[in-house]
Structure formats: structure tokens, C-alpha cells
$ cat my_file-v4.cif   # mmCIF, C-alpha atoms and all ligand atoms
data_model
loop_
_atom_site.label_atom_id
_atom_site.label_comp_id
_atom_site.auth_asym_id
_atom_site.auth_seq_id
_atom_site.Cartn_x
_atom_site.Cartn_y
_atom_site.Cartn_z
CA MET A 30 115.77 56.46 107.25
CA THR A 31 113.57 59.20 108.59
CA GLU A 32 115.32 62.41 109.53
CA LYS A 33 114.72 63.71 113.03
CA LYS A 34 112.81 66.96 113.14
CA PRO A 35 115.00 69.81 114.44
CA SER A 36 112.83 70.09 117.58
CA GLU A 37 113.29 66.35 118.33
CA ALA A 38 117.04 66.60 117.85
CA LYS A 39 117.10 69.56 120.17
CA SER A 40 115.10 67.84 122.88
CA GLY A 41 117.29 64.70 122.61
CA LYS A 42 120.38 66.85 123.04
CA HIS A 43 118.78 68.62 125.98
CA LYS A 44 117.91 65.31 127.63
CA ARG A 45 121.46 64.00 127.28
CA ALA A 46 122.90 67.23 128.70
CA MET A 47 120.48 67.08 131.63
CA GLN A 48 121.35 63.44 132.32
CA LYS A 49 125.04 64.30 132.35
CA GLN A 50 124.39 67.22 134.69
CA LYS A 51 122.28 65.04 137.00
CA ALA A 52 125.03 62.40 137.16
CA LYS A 53 127.52 65.09 138.21
CA VAL A 54 125.22 66.49 140.91
CA ASP A 55 124.34 63.00 142.18
CA GLN A 56 128.04 62.22 142.49
CA ARG A 57 128.63 65.39 144.48
CA ILE A 58 125.70 64.59 146.78
CA GLU A 59 127.19 61.12 147.28
CA GLU A 60 130.61 62.60 148.08
CA ALA A 61 129.38 65.16 150.65
CA SER A 62 129.89 63.34 153.91
CA GLU A 63 130.39 66.02 156.53
CA GLU A 64 127.40 66.92 158.68
CA ARG A 65 127.67 70.24 160.55
CA GLY A 66 126.33 73.76 160.73
CA VAL A 67 127.53 76.24 158.13
CA PHE A 68 128.55 79.86 158.13
CA VAL A 69 126.88 81.71 155.26
CA LEU A 70 128.01 85.21 154.30
CA LEU A 71 125.65 87.25 152.12
CA THR A 72 127.27 90.34 150.74
CA GLY A 73 127.31 92.67 147.71
CA ASN A 74 125.50 95.82 146.66
CA GLY A 75 122.27 94.33 145.33
CA LYS A 76 118.97 93.82 147.13
CA GLY A 77 118.40 90.43 148.72
CA LYS A 78 120.89 89.88 151.55
CA SER A 79 118.64 90.28 154.57
CA SER A 80 115.60 88.87 152.80
CA SER A 81 117.58 85.74 151.94
CA ALA A 82 118.65 85.41 155.58
CA PHE A 83 115.00 85.63 156.66
CA GLY A 84 114.16 82.99 154.08
CA MET A 85 116.51 80.66 155.98
CA VAL A 86 114.82 81.66 159.24
CA MET A 87 111.54 80.47 157.73
CA ARG A 88 113.14 77.18 156.69
CA ALA A 89 114.48 76.58 160.17
CA LEU A 90 111.11 77.44 161.72
CA GLY A 91 109.45 74.95 159.41
CA TYR A 92 111.30 72.22 161.30
CA GLY A 93 110.56 73.77 164.68
CA TYR A 94 114.16 74.83 165.29
CA LYS A 95 115.13 77.64 167.61
CA VAL A 96 116.51 80.73 165.87
CA GLY A 97 118.41 83.80 167.03
CA VAL A 98 118.25 87.05 165.06
CA VAL A 99 120.37 90.06 165.92
CA GLN A 100 120.24 93.16 163.74
CA PHE A 101 123.17 95.54 163.88
CA ILE A 102 121.42 98.47 162.35
CA LYS A 103 118.36 100.41 163.33
CA GLY A 104 116.09 100.71 160.32
CA GLN A 105 114.24 103.84 159.33
CA GLN A 106 111.08 102.02 160.21
CA LEU A 107 109.97 98.78 161.77
CA SER A 108 110.34 95.90 159.33
CA GLY A 109 107.74 93.28 158.48
CA GLU A 110 110.12 90.52 159.57
CA GLU A 111 110.58 92.13 162.98
CA ILE A 112 106.82 92.54 163.52
CA TYR A 113 106.12 88.98 162.42
CA LEU A 114 108.94 87.23 164.25
CA ARG A 115 108.42 89.12 167.49
CA ASP A 116 104.65 88.66 167.53
CA GLN A 117 104.18 85.24 166.00
CA CYS A 118 107.33 83.21 166.55
CA PRO A 119 108.25 82.41 170.13
CA GLN A 120 111.03 80.10 168.84
CA VAL A 121 112.84 83.20 167.55
CA ASP A 122 114.89 85.41 169.82
CA PHE A 123 114.85 88.74 168.05
CA HIS A 124 117.15 91.53 169.07
CA GLN A 125 117.82 94.81 167.36
CA MET A 126 120.41 97.42 168.08
CA GLY A 127 117.50 99.70 169.08
CA THR A 128 119.45 102.86 169.69
CA GLY A 129 122.68 104.08 168.28
CA PHE A 130 123.83 103.30 164.78
CA THR A 131 121.65 104.34 161.88
CA TRP A 132 122.74 105.88 158.62
CA ASN A 133 121.88 109.22 160.23
CA THR A 134 123.99 109.07 163.35
CA GLN A 135 127.34 110.73 163.36
CA ASP A 136 128.36 109.97 166.90
CA ARG A 137 131.07 107.34 166.82
CA ASP A 138 131.31 106.81 170.58
CA SER A 139 127.62 106.13 171.04
CA ASP A 140 127.65 103.88 167.96
CA ILE A 141 130.50 101.85 169.46
CA ALA A 142 128.67 101.57 172.78
CA ALA A 143 125.53 100.37 170.97
CA ALA A 144 127.56 97.89 168.91
CA GLU A 145 129.23 96.51 172.04
CA ALA A 146 125.90 96.17 173.85
CA THR A 147 124.44 94.34 170.87
CA TRP A 148 127.47 92.06 170.52
CA ALA A 149 127.04 91.15 174.19
CA LYS A 150 123.67 89.63 173.20
CA VAL A 151 125.32 87.63 170.42
CA GLU A 152 128.13 85.96 172.36
CA PRO A 153 125.95 83.75 174.59
CA VAL A 154 123.84 82.74 171.58
CA LEU A 155 127.00 81.63 169.74
CA LYS A 156 127.79 79.36 172.69
CA ASP A 157 124.34 77.85 172.99
CA ASP A 158 123.74 74.76 170.91
CA SER A 159 119.97 75.00 171.32
CA TYR A 160 120.05 77.62 168.53
CA HIS A 161 119.96 75.87 165.16
CA LEU A 162 120.35 79.08 163.19
CA VAL A 163 121.67 82.52 164.08
CA VAL A 164 121.25 85.55 161.81
CA LEU A 165 123.63 88.45 162.36
CA ASP A 166 122.03 90.99 160.06
CA GLU A 167 124.24 93.90 158.90
CA LEU A 168 127.13 92.75 161.10
CA THR A 169 129.70 93.51 158.39
CA TYR A 170 129.37 97.26 158.99
CA MET A 171 130.53 96.83 162.59
CA ILE A 172 133.78 95.39 161.23
CA ALA A 173 134.08 97.87 158.37
CA TYR A 174 133.72 100.85 160.72
CA GLN A 175 135.88 99.16 163.35
CA TYR A 176 133.09 99.43 165.89
CA LEU A 177 133.78 95.87 167.00
CA ASP A 178 137.03 93.96 167.12
CA GLU A 179 137.23 91.69 164.08
CA ASN A 180 139.17 88.93 165.87
CA ARG A 181 136.61 88.73 168.62
CA ILE A 182 133.89 88.20 166.02
CA LEU A 183 135.94 85.63 164.12
CA GLU A 184 136.76 83.69 167.29
CA ALA A 185 133.15 83.60 168.42
CA LEU A 186 132.03 82.39 164.99
CA LYS A 187 134.82 79.79 164.85
CA ASN A 188 134.06 78.41 168.31
CA ARG A 189 130.29 78.17 167.95
CA PRO A 190 128.55 74.81 168.47
CA LYS A 191 129.23 72.29 165.70
CA ASN A 192 125.64 72.00 164.54
CA GLN A 193 124.81 75.69 164.66
CA SER A 194 124.56 77.62 161.40
CA VAL A 195 125.18 81.35 161.16
CA VAL A 196 124.19 83.82 158.47
CA VAL A 197 125.97 87.16 158.33
CA THR A 198 124.67 89.86 156.01
CA GLY A 199 125.97 93.23 154.87
CA ARG A 200 128.23 94.82 152.29
CA GLY A 201 131.96 94.30 152.58
CA GLY A 202 133.04 92.59 155.75
CA GLY A 203 136.62 91.89 154.76
CA SER A 204 138.63 88.92 153.60
CA ALA A 205 138.98 87.22 157.00
CA LEU A 206 135.21 86.83 157.33
CA GLN A 207 135.04 85.52 153.76
CA ALA A 208 137.83 83.06 154.45
CA LEU A 209 136.06 81.70 157.51
CA ALA A 210 132.66 81.37 155.81
CA ASP A 211 131.62 78.07 154.23
CA THR A 212 129.33 79.77 151.73
CA VAL A 213 129.78 83.29 150.40
CA SER A 214 127.31 84.86 147.99
CA GLU A 215 127.74 88.29 146.53
CA ILE A 216 124.47 89.82 145.42
CA LYS A 217 125.17 92.03 142.47
CA GLU A 218 123.01 95.00 141.70
CA ILE A 219 121.84 94.98 138.11
CA LYS A 220 119.01 97.44 138.75
CA HIS A 221 117.25 98.78 141.79
CA ALA A 222 113.82 100.40 141.76
CA PHE A 223 115.02 103.06 144.19
CA LYS A 224 117.41 104.39 141.53
CA ALA A 225 114.40 105.00 139.29
CA GLY A 226 112.80 107.08 142.03
CA ILE A 227 110.45 104.36 143.30
CA LYS A 228 109.87 104.47 147.04
CA ALA A 229 110.83 101.53 149.26
CA ARG A 230 107.82 99.19 149.45
CA LYS A 231 106.23 98.02 152.64
CA GLY A 232 106.23 94.22 152.69
CA VAL A 233 108.91 94.07 149.99
CA ASP A 234 111.77 96.28 151.10
CA TYR A 235 110.97 96.47 154.80
P1 LIG A 301 116.76 93.35 151.61
O1 LIG A 301 116.51 93.62 153.08
O2 LIG A 301 115.65 93.91 150.77
O3 LIG A 301 117.11 91.93 151.32
P2 LIG A 301 119.55 93.98 151.55
O4 LIG A 301 119.65 93.39 152.89
O5 LIG A 301 120.22 93.27 150.43
O6 LIG A 301 118.01 94.22 151.19
P3 LIG A 301 120.50 96.50 152.63
O7 LIG A 301 121.73 97.18 152.20
O8 LIG A 301 120.45 95.88 153.99
O9 LIG A 301 120.13 95.44 151.50
O10 LIG A 301 119.34 97.52 152.46
C1 LIG A 301 118.12 97.44 153.05
C2 LIG A 301 117.12 98.30 152.32
O11 LIG A 301 117.70 99.03 151.26
C3 LIG A 301 116.01 97.49 151.65
O12 LIG A 301 114.87 98.28 151.72
C4 LIG A 301 116.45 97.34 150.24
O13 LIG A 301 115.41 97.20 149.30
C5 LIG A 301 117.19 98.62 150.01
N1 LIG A 301 118.31 98.35 149.07
C6 LIG A 301 119.04 97.25 148.96
N2 LIG A 301 119.95 97.34 147.97
C7 LIG A 301 119.76 98.57 147.44
C8 LIG A 301 120.37 99.29 146.35
N3 LIG A 301 121.33 98.74 145.63
N4 LIG A 301 119.91 100.54 146.09
C9 LIG A 301 118.92 101.08 146.82
N5 LIG A 301 118.30 100.46 147.85
C10 LIG A 301 118.71 99.23 148.15
MG MG A 302 120.11 94.06 154.74
#
$ encode --input "my_file-v4.cif" --output "C-alpha cells"
Amino acid sequence: MTEKKPSEAKSGKHKRAMQKQKAKVDQRIEEASEERGVFVLLTGNGKGKSSSAFGMVMRALGYGYKVGVVQFIKGQQLSGEEIYLRDQCPQVDFHQMGTGFTWNTQDRDSDIAAAEATWAKVEPVLKDDSYHLVVLDELTYMIAYQYLDENRILEALKNRPKNQSVVVTGRGGGSALQALADTVSEIKEIKHAFKAGIKARKGVDY
């Protein structure tokens, strides 16, 4: 009898493990029977929350779906996604909190007024089933700072059209939002270039 070479034994073992894994995944695919929109919450301290949300926007646009994007924070500068979506994608309704809340503002009353005005743009979108996907970027901070009533947000998310998916991004956000979400991912910071003194990169960070 010829002995298997170690590399052959290893690849046979790998193949069997992969087959087992595939059988498990196939079974889960078979078992998933519910068809509806999902609520995805992207949180945590690492980089990748908003960029992941915009990745989903691109997916939805690939199928010609209508998308709503509302950003609850005014960036230091215009972002590439804002420029692109506003200029090139008529299927995307893009709204940003324009004035008010930035990391620099200290005026709570004007922040609340800006948050309310922005939320007023969100409510009709969350009632309109022509939107396949809605991104509520940095919404968690509005709950964390109690700028918006948490229950109002939860109710609007709960009562949205059945086939509409929503992505909420931002750190924190609280347990009620997590409980309501179908998918919650926490992006953990292992390293960030900024901490090594590297400036935020155009086309990568904004
Ligand atoms: P991105 O928009 O790049 O996906 P994010 O949405 O996960 O980032 P935010 O907290 O919204 O993170 O921060 C937006 C900006 O801050 C981006 O320019 C991002 O690169 C930067 N950033 C994100 N996480 C960190 C971090 N841990 N330390 C420093 N800067 C960060
Ligand atoms: Mg973000």
C-alpha cells in the first residue's frame, strides 16, 4: 500500500471539511423561506460602517432599485459618495443634515432642530414602498444624544413597507435598536491609519 503524501492527506481533509460546510450552508439556504426587507444595523468603533452601507446602495442600484439616503451628520467636507450619488444617480434621493450637528457644534437646541428637520425627511420615505433600500447614516447619534425620540424612530422602522430594507449606521444606538434589527454587525477597530498620524484620504475615507 502506498502511503499518502502529507500534502495529499491535507487536501483530502480540506475537501471533506469543505463538503461538510457546504452541506450545512445548503441546508440553511433551503430552510430560509421568508421573503421581506431587512433592517441592518452597522455599529462599532472601526472604519467601515458608512462605506458598507454605500456598498449596499451600489448593489440596489445595480438592479435599478430606488434608494433613499439620509445622513444625520454634516461631514467636515463633501464626501465622494454624496458627489457621485447626487450627480450621477437620479434613482437615489440624497439628503444630508446640511446645517446643525457636526462634531464642532455645541448648540444643543439648534442640533435638535436640525435633527427634527432631517427626521421629517425620513418619515415619508419609511412609508413609501417604492424605496427598496433606505440608508440612515449616523442615525445612532441622534438617539444617543437624545436629539430624537427613540420610540418614534423604532415605530417608523417597525411600520415600514414589508419589502423595504433599511441600513442604520453609527456607534452605539442602544439595545432597542439592536433588538429590532434583523442583522447587526459590530465593526471592531484593530488599527486605524489616523492613529498613526495619517490624514484621512480622499476617495477612501470621504
Ligand atoms: P467609513 O465612512 O470610512 O466607512 P465609518 O462610517 O465606519 O467610516 P465614522 O465614525 O462614520 O466611521 O467616521 C467617518 C470618518 O472617520 C471616516 O473618514 C473614517 O475613515 C474615519 N474613522 C472611522 N473609524 C475611525 C477610527 N476608529 N479612528 C479614526 N478615524 C476613524
Ligand atoms: Mg460613518
$ closest_residue --input "my_file-v4.cif" --among "A:Ala89, A:Val151, A:Val195, A:Val164" --to "ligand MG 302 (chain A)" --atoms "all atoms listed in the file"
A:Val164
$ atom_distance --input "my_file-v4.cif" --atom1 "atom CA of A:Val54" --atom2 "atom CA of A:Lys42"
18.5 Å
$ closest_residue --input "my_file-v4.cif" --among "A:Phe68, A:Glu110, A:Thr212, A:Lys34" --to "A:Asn188" --atoms "only C-alpha atoms"
A:Phe68
$ closest_atom_pairs --input "my_file-v4.cif" --of "chain A" --to "ligand LIG 301 (chain A)" --cutoff "7 Å" --atoms "all atoms listed in the file" --output "CSV"
residue,atom,partner,partner_atom,distance
A:Asn74,CA,A:LIG301,N3,5.2
A:Gly75,CA,A:LIG301,N3,4.5
A:Lys76,CA,A:LIG301,O5,3.6
A:Gly77,CA,A:LIG301,O3,3.3
A:Lys78,CA,A:LIG301,O5,3.6
A:Ser79,CA,A:LIG301,O4,3.7
A:Ser80,CA,A:LIG301,O3,3.7
A:Ser81,CA,A:LIG301,O3,6.2
A:Glu167,CA,A:LIG301,O8,6.5
A:Thr198,CA,A:LIG301,O4,6.9
A:Gly199,CA,A:LIG301,O8,6.2
A:Arg200,CA,A:LIG301,O7,6.9
A:Glu218,CA,A:LIG301,N3,5.7
A:His221,CA,A:LIG301,N4,5.4
A:Phe223,CA,A:LIG301,C9,5.1
A:Lys224,CA,A:LIG301,C9,6.4
A:Ala229,CA,A:LIG301,O12,5.7
A:Val233,CA,A:LIG301,O2,6.8
A:Asp234,CA,A:LIG301,O12,3.7
A:Tyr235,CA,A:LIG301,O12,5.3
$ atom_distance --input "my_file-v4.cif" --atom1 "atom CA of A:Gln175" --atom2 "atom CA of A:Asp138"
11.5 Å
$ closest_residue --input "my_file-v4.cif" --among "A:Ser159, A:Ser194, A:Ser36, A:Gln100" --to "ligand MG 302 (chain A)" --atoms "all atoms listed in the file"
A:Gln100
$ residues_near_point --input "my_file-v4.cif" --point "(119.6, 94.3, 162.8)" --cutoff "7 Å" --atoms "only C-alpha atoms" --output "PyMOL selection string"
chain A and resi 99-103+125-126+166-167
$ write_last_selection --input "my_file-v4.cif" --atoms "C-alpha atoms" --output "PDB file, keeping the file's coordinate frame"
ATOM      1  CA  VAL A  99     120.370  90.060 165.920  1.00  0.00           C
ATOM      2  CA  GLN A 100     120.240  93.160 163.740  1.00  0.00           C
ATOM      3  CA  PHE A 101     123.170  95.540 163.880  1.00  0.00           C
ATOM      4  CA  ILE A 102     121.420  98.470 162.350  1.00  0.00           C
ATOM      5  CA  LYS A 103     118.360 100.410 163.330  1.00  0.00           C
ATOM      6  CA  GLN A 125     117.820  94.810 167.360  1.00  0.00           C
ATOM      7  CA  MET A 126     120.410  97.420 168.080  1.00  0.00           C
ATOM      8  CA  ASP A 166     122.030  90.990 160.060  1.00  0.00           C
ATOM      9  CA  GLU A 167     124.240  93.900 158.900  1.00  0.00           C
TER      10      GLU A 167
END
